[in-house]
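Scroll down for the structure; my scribbles are underneath it.
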Amino acid sequence: MNIGRELEDRSDEVDSSHSDGVHLNFAMHIADQNRLRSEYFKDLVFGDPVWDILLDIYVSEEMDRPTTVKAISNRQDKSRSLCLRCIDYLLEREAIFENRNQYTMHKFSFLASDKTKQQIAAWLNNCLTKAPQI
């Protein structure tokens with residue numbers, strides 16, 4: 001059984017049973033919970049901050065919050081250098097891109113790619129479908 005292939009196949013199928021607003025609220029909840037989780041378990045390191053930063057960019061773009069390194073660093077309570085390394089990683093893999101629109105780039109330095117948005121929406125649909133109650 002190839003789970004990676006199954007996930008890849010499903011990432012293009014965006015189920016319309018949940019609205020974009022539900023996706024955004026749920027993504028923000030998960031990002032907040034991941035951050036809070038670290039406060040409860042200060043002696044443990046939980047995973048990779050790349051995911052938290054990717055979710056932050058996804059939510060921020062739609063919630064009109066800046067996606068500058070400084071803003072992301074402040075929201076994630078992580079150093080700017082760590083955020084920049086994670087952003088570089090996401091840029092290299094084309095999960096996000098640098099905003100080149102001269103009118104919006106000062107606020108939205110980084111934006112999620114369409115493919116990334118589809119993948120996050122598919123993942124959130126799966127989370128919502130399997131969640132007991134929201």
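Identifiers in this document derive from the order of the structure tokens: chains are assigned A, B, ..., residues are numbered from 1 separately in each chain, and ligands are numbered from 1 in order of occurrence.
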Find the residues near stretch 104-117 of chain A: any atom within 6 Å, counting only C-alpha atoms, skip ones fewer than 5 places away on the same chain, and give them as a PyMOL selection string.
chain A and resi 58+66-68+95-99
Using only C-alpha atoms, which protein or nucleic acid residues come within 12 Å of A:Ser73? Drop anything in the same chain fewer than 3 positions from it, and give the result as a list in words.
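Answer for this query is Pro49, Val50, Asp52, Ile53, Asp56, Ile57, Pro66, Thr67, Thr68, Val69, Lys70, Gln76, Asp77, Lys78, Ser79, Arg80, Ser81, Leu82, Cys83, Leu84, Arg85, Cys86 and Ile87 of chain A.
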Atom-to-atom span, atom CA of A:Tyr103 and atom CA of A:Asp88, Å
22.8 Å
Check the smallest atom-to-atom distance from each of A:Leu90, A:Val22, A:Arg100, A:Asp32 to A:Thr129 using only C-alpha atoms, then report the winner.
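Among the listed residues, A:Val22 lies closest to A:Thr129.
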Please run DSSP on the backbone and report, as a list in words, all residues within stretch 47-122 of chain A that come out as strand (DSSP E or B).
Ile96, Phe97, Glu98, Phe110, Leu111 and Ala112 of chain A
May I have the selected residues written with N, CA, C and O atoms, as a JSON list (two decimals), in the first residue's frame?
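Written output follows (part-v9.json):
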```
[["chain", "number", "residue", "atom", "x", "y", "z"],
["A", 96, "ILE", "N", 5.40, 27.82, -1.81],
["A", 96, "ILE", "CA", 5.05, 29.24, -1.73],
["A", 96, "ILE", "C", 5.86, 29.98, -2.78],
["A", 96, "ILE", "O", 6.78, 29.40, -3.38],
["A", 97, "PHE", "N", 5.53, 31.24, -2.99],
["A", 97, "PHE", "CA", 6.31, 32.05, -3.92],
["A", 97, "PHE", "C", 6.41, 33.47, -3.38],
["A", 97, "PHE", "O", 5.60, 33.88, -2.55],
["A", 98, "GLU", "N", 7.42, 34.17, -3.85],
["A", 98, "GLU", "CA", 7.57, 35.57, -3.48],
["A", 98, "GLU", "C", 6.59, 36.40, -4.28],
["A", 98, "GLU", "O", 6.49, 36.27, -5.50],
["A", 110, "PHE", "N", 5.10, 36.73, 0.91],
["A", 110, "PHE", "CA", 5.06, 35.35, 0.45],
["A", 110, "PHE", "C", 3.61, 34.90, 0.37],
["A", 110, "PHE", "O", 2.79, 35.25, 1.21],
["A", 111, "LEU", "N", 3.31, 34.11, -0.68],
["A", 111, "LEU", "CA", 1.97, 33.60, -0.90],
["A", 111, "LEU", "C", 2.04, 32.10, -1.17],
["A", 111, "LEU", "O", 3.02, 31.62, -1.75],
["A", 112, "ALA", "N", 1.01, 31.39, -0.77],
["A", 112, "ALA", "CA", 0.96, 29.95, -1.03],
["A", 112, "ALA", "C", 0.63, 29.71, -2.50],
["A", 112, "ALA", "O", -0.16, 30.44, -3.10]]
```
Given only C-alpha atoms as the basis, pick out the residue of A:Arg75, A:His23, A:Trp123, A:Met63 nearest to A:Arg35.
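For A:Arg35, the nearest of the given residues is A:Arg75.
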Skip A:Phe26 itself and residues of its chain fewer than 2 positions away, then list as a VMD selection string all residues within 12 Å of it, counting only C-alpha atoms.
chain A and resid 18 to 24 28 to 33 55 to 56 58 to 59 120 to 121 123 to 129 131 133 to 134
File dump, residues just selected, N, CA, C and O atoms, as a CSV table (one decimal), in the first residue's frame:
```
chain,number,residue,atom,x,y,z
A,18,HIS,N,-17.1,21.6,2.6
A,18,HIS,CA,-16.7,22.6,3.6
A,18,HIS,C,-16.3,23.9,2.9
A,18,HIS,O,-15.6,23.9,2.0
A,19,SER,N,-16.7,25.0,3.5
A,19,SER,CA,-16.5,26.3,2.9
A,19,SER,C,-15.0,26.7,3.2
A,19,SER,O,-14.4,26.2,4.1
A,20,ASP,N,-14.6,27.7,2.4
A,20,ASP,CA,-13.2,28.3,2.6
A,20,ASP,C,-13.1,28.9,4.0
A,20,ASP,O,-12.1,28.8,4.6
A,21,GLY,N,-14.2,29.5,4.5
A,21,GLY,CA,-14.2,30.0,5.9
A,21,GLY,C,-14.0,29.0,6.9
A,21,GLY,O,-13.2,29.2,7.9
A,22,VAL,N,-14.6,27.8,6.7
A,22,VAL,CA,-14.4,26.7,7.7
A,22,VAL,C,-12.9,26.3,7.6
A,22,VAL,O,-12.3,26.0,8.6
A,23,HIS,N,-12.4,26.2,6.4
A,23,HIS,CA,-11.0,25.8,6.2
A,23,HIS,C,-10.1,26.7,6.9
A,23,HIS,O,-9.1,26.3,7.7
A,24,LEU,N,-10.3,28.0,6.7
A,24,LEU,CA,-9.4,29.0,7.3
A,24,LEU,C,-9.5,29.0,8.9
A,24,LEU,O,-8.5,29.0,9.6
A,28,MET,N,-6.4,28.0,11.3
A,28,MET,CA,-5.9,28.9,12.3
A,28,MET,C,-6.0,28.2,13.7
A,28,MET,O,-5.1,28.3,14.5
A,29,HIS,N,-7.0,27.4,13.9
A,29,HIS,CA,-7.1,26.7,15.2
A,29,HIS,C,-5.9,25.7,15.3
A,29,HIS,O,-5.3,25.6,16.4
A,30,ILE,N,-5.6,25.0,14.2
A,30,ILE,CA,-4.5,24.0,14.3
A,30,ILE,C,-3.2,24.7,14.5
A,30,ILE,O,-2.4,24.3,15.4
A,31,ALA,N,-3.0,25.8,13.8
A,31,ALA,CA,-1.7,26.6,14.0
A,31,ALA,C,-1.6,27.1,15.5
A,31,ALA,O,-0.6,27.0,16.1
A,32,ASP,N,-2.7,27.6,16.0
A,32,ASP,CA,-2.7,28.0,17.4
A,32,ASP,C,-2.5,26.9,18.4
A,32,ASP,O,-1.7,27.0,19.3
A,33,GLN,N,-3.1,25.8,18.1
A,33,GLN,CA,-3.0,24.6,19.0
A,33,GLN,C,-1.5,24.1,18.9
A,33,GLN,O,-1.0,23.7,20.0
A,55,LEU,N,1.1,26.9,7.2
A,55,LEU,CA,-0.3,27.2,7.6
A,55,LEU,C,-0.5,28.7,7.9
A,55,LEU,O,-1.5,29.3,7.5
A,56,ASP,N,0.5,29.3,8.5
A,56,ASP,CA,0.4,30.7,8.8
A,56,ASP,C,0.3,31.5,7.5
A,56,ASP,O,-0.5,32.4,7.4
A,58,TYR,N,-0.8,30.5,4.6
A,58,TYR,CA,-2.1,30.1,4.0
A,58,TYR,C,-3.3,30.9,4.7
A,58,TYR,O,-4.1,31.5,4.0
A,59,VAL,N,-3.3,30.9,6.0
A,59,VAL,CA,-4.3,31.7,6.8
A,59,VAL,C,-4.1,33.2,6.6
A,59,VAL,O,-5.1,33.9,6.3
A,120,ILE,N,-3.7,21.8,1.0
A,120,ILE,CA,-4.1,22.1,2.4
A,120,ILE,C,-5.6,22.0,2.5
A,120,ILE,O,-6.1,21.4,3.5
A,121,ALA,N,-6.4,22.4,1.5
A,121,ALA,CA,-7.8,22.3,1.5
A,121,ALA,C,-8.2,20.8,1.6
A,121,ALA,O,-9.1,20.4,2.4
A,123,TRP,N,-6.4,18.3,2.8
A,123,TRP,CA,-6.0,17.8,4.1
A,123,TRP,C,-7.0,18.3,5.2
A,123,TRP,O,-7.4,17.5,6.0
A,124,LEU,N,-7.4,19.6,5.1
A,124,LEU,CA,-8.4,20.1,6.1
A,124,LEU,C,-9.7,19.4,5.9
A,124,LEU,O,-10.4,19.1,6.9
A,125,ASN,N,-10.1,19.1,4.7
A,125,ASN,CA,-11.4,18.4,4.5
A,125,ASN,C,-11.3,17.0,5.1
A,125,ASN,O,-12.3,16.6,5.8
A,126,ASN,N,-10.2,16.3,5.0
A,126,ASN,CA,-10.0,15.1,5.6
A,126,ASN,C,-10.1,15.2,7.2
A,126,ASN,O,-10.8,14.4,7.8
A,127,CYS,N,-9.4,16.2,7.7
A,127,CYS,CA,-9.4,16.5,9.2
A,127,CYS,C,-10.9,16.8,9.6
A,127,CYS,O,-11.3,16.3,10.7
A,128,LEU,N,-11.6,17.6,8.9
A,128,LEU,CA,-12.9,18.0,9.3
A,128,LEU,C,-13.9,16.8,9.2
A,128,LEU,O,-14.7,16.6,10.0
A,129,THR,N,-13.7,16.0,8.2
A,129,THR,CA,-14.6,14.8,8.0
A,129,THR,C,-14.4,13.9,9.1
A,129,THR,O,-15.3,13.2,9.6
A,131,ALA,N,-13.1,14.7,12.1
A,131,ALA,CA,-13.2,15.3,13.5
A,131,ALA,C,-14.5,14.9,14.1
A,131,ALA,O,-15.6,14.9,13.4
A,133,GLN,N,-16.5,16.6,16.3
A,133,GLN,CA,-17.5,17.7,16.2
A,133,GLN,C,-16.7,19.0,16.1
A,133,GLN,O,-15.7,19.2,16.8
A,134,ILE,N,-17.1,19.9,15.3
A,134,ILE,CA,-16.5,21.3,15.2
A,134,ILE,C,-17.6,22.3,15.4
A,134,ILE,O,-18.6,22.2,14.8
```
Between atom CA of A:Asp48 and atom CA of A:Asn101, what distance in Å does the model show, to one decimal?
29.8 Å
Please indicate the distance in Å from atom CA of A:Gln119 to atom CA of A:Glu94, rounded to one decimal place.
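Atom CA of A:Gln119 sits 12.9 Å away from atom CA of A:Glu94.
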